[in-house]
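Q: Take this structure, written in structure tokens, and hold onto it; I'll ask about it next.
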Amino acid sequence: MKPSYIEHIGIAVKSLEESIPFYENILGLKCYAIEEVEDQKVRTAFFMAGQTKIELLEPTDREGPIGKFIEKKGEGLHHIAFSVKNINENLKEAEQKGIHLVDKTSRKGAEGLDIGFLHPESTHGVLIELCEKKAT
Ligand code: ZN
């Protein structure tokens, strides 16, 4: 595996409406999109900080992954996403090296990316997302 860059940083928040003003008014970033990912039971808001994207994640269901995360740990850093080529090969390679995967094969994430997660119990506590932008 050789990620080419950090595609985004995912941050769990209770409410987009309440957290977007911090990013816009204090950090001076602009929210350029809000998207619901039904599959993940989240609404996401996106900002660019230079070349790195910030993804805020608001649960739409308390039983979804972000809802449960906030209940357990509160708001805060949720995951780091690395951009890779051939995501499914990378997931397979990680699994062969003994890494516990959340996703054995990629699925569709926000912004049309193919995404897959490595389980934090295999990554020293950080939920790591691999993502691949398909050429259009
Ligand atoms: Zn993400």
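Identifiers in the structure tokens: chain A, B, ... in order shown; residue index from 1 per chain; ligand index from 1 in order shown.
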Got a sec: who's within 12 Å of segment 36-51 of chain A, counting only C-alpha atoms, leaving out chain neighbours fewer than 3 positions off, as a PyMOL selection string?
A: chain A and resi 5-24+27-33+54-69+107-113+115
Q: Which of chain A counts as strand (DSSP E or B) under DSSP, as an NGL selection string please?
A: :A and (5-12 or 33-37 or 42-49 or 52-59 or 76-83 or 101 or 107-108 or 114-118 or 128-132)
Q: Could you check the closest approach to Glu129 of chain A for each of A:His79, A:Lys104, A:Lys2, A:Lys72 and tell me which residue wins, using only C-alpha atoms?
A: A:His79
Q: Looking at only C-alpha atoms, which of A:Met1, A:Leu101, A:Ile26, A:Ile34 is the one that sits closest to Lys85 of chain A?
A: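 Ranked by minimum distance to Lys85 of chain A, first place goes to A:Met1.
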Q: Of the candidates A:Ile80, A:Ile87, A:Val102, A:Val126, which shows the shortest atom-to-atom distance to ligand 1, using only C-alpha atoms and all ligand atoms?
A: A:Ile80
Q: Mind the document's chain letters and residue numbers, and return as a ChimeraX atom specification the residues of segment 102-134 of chain A that DSSP labels helix (DSSP H, G or I).
A: /A:110-112,120-122
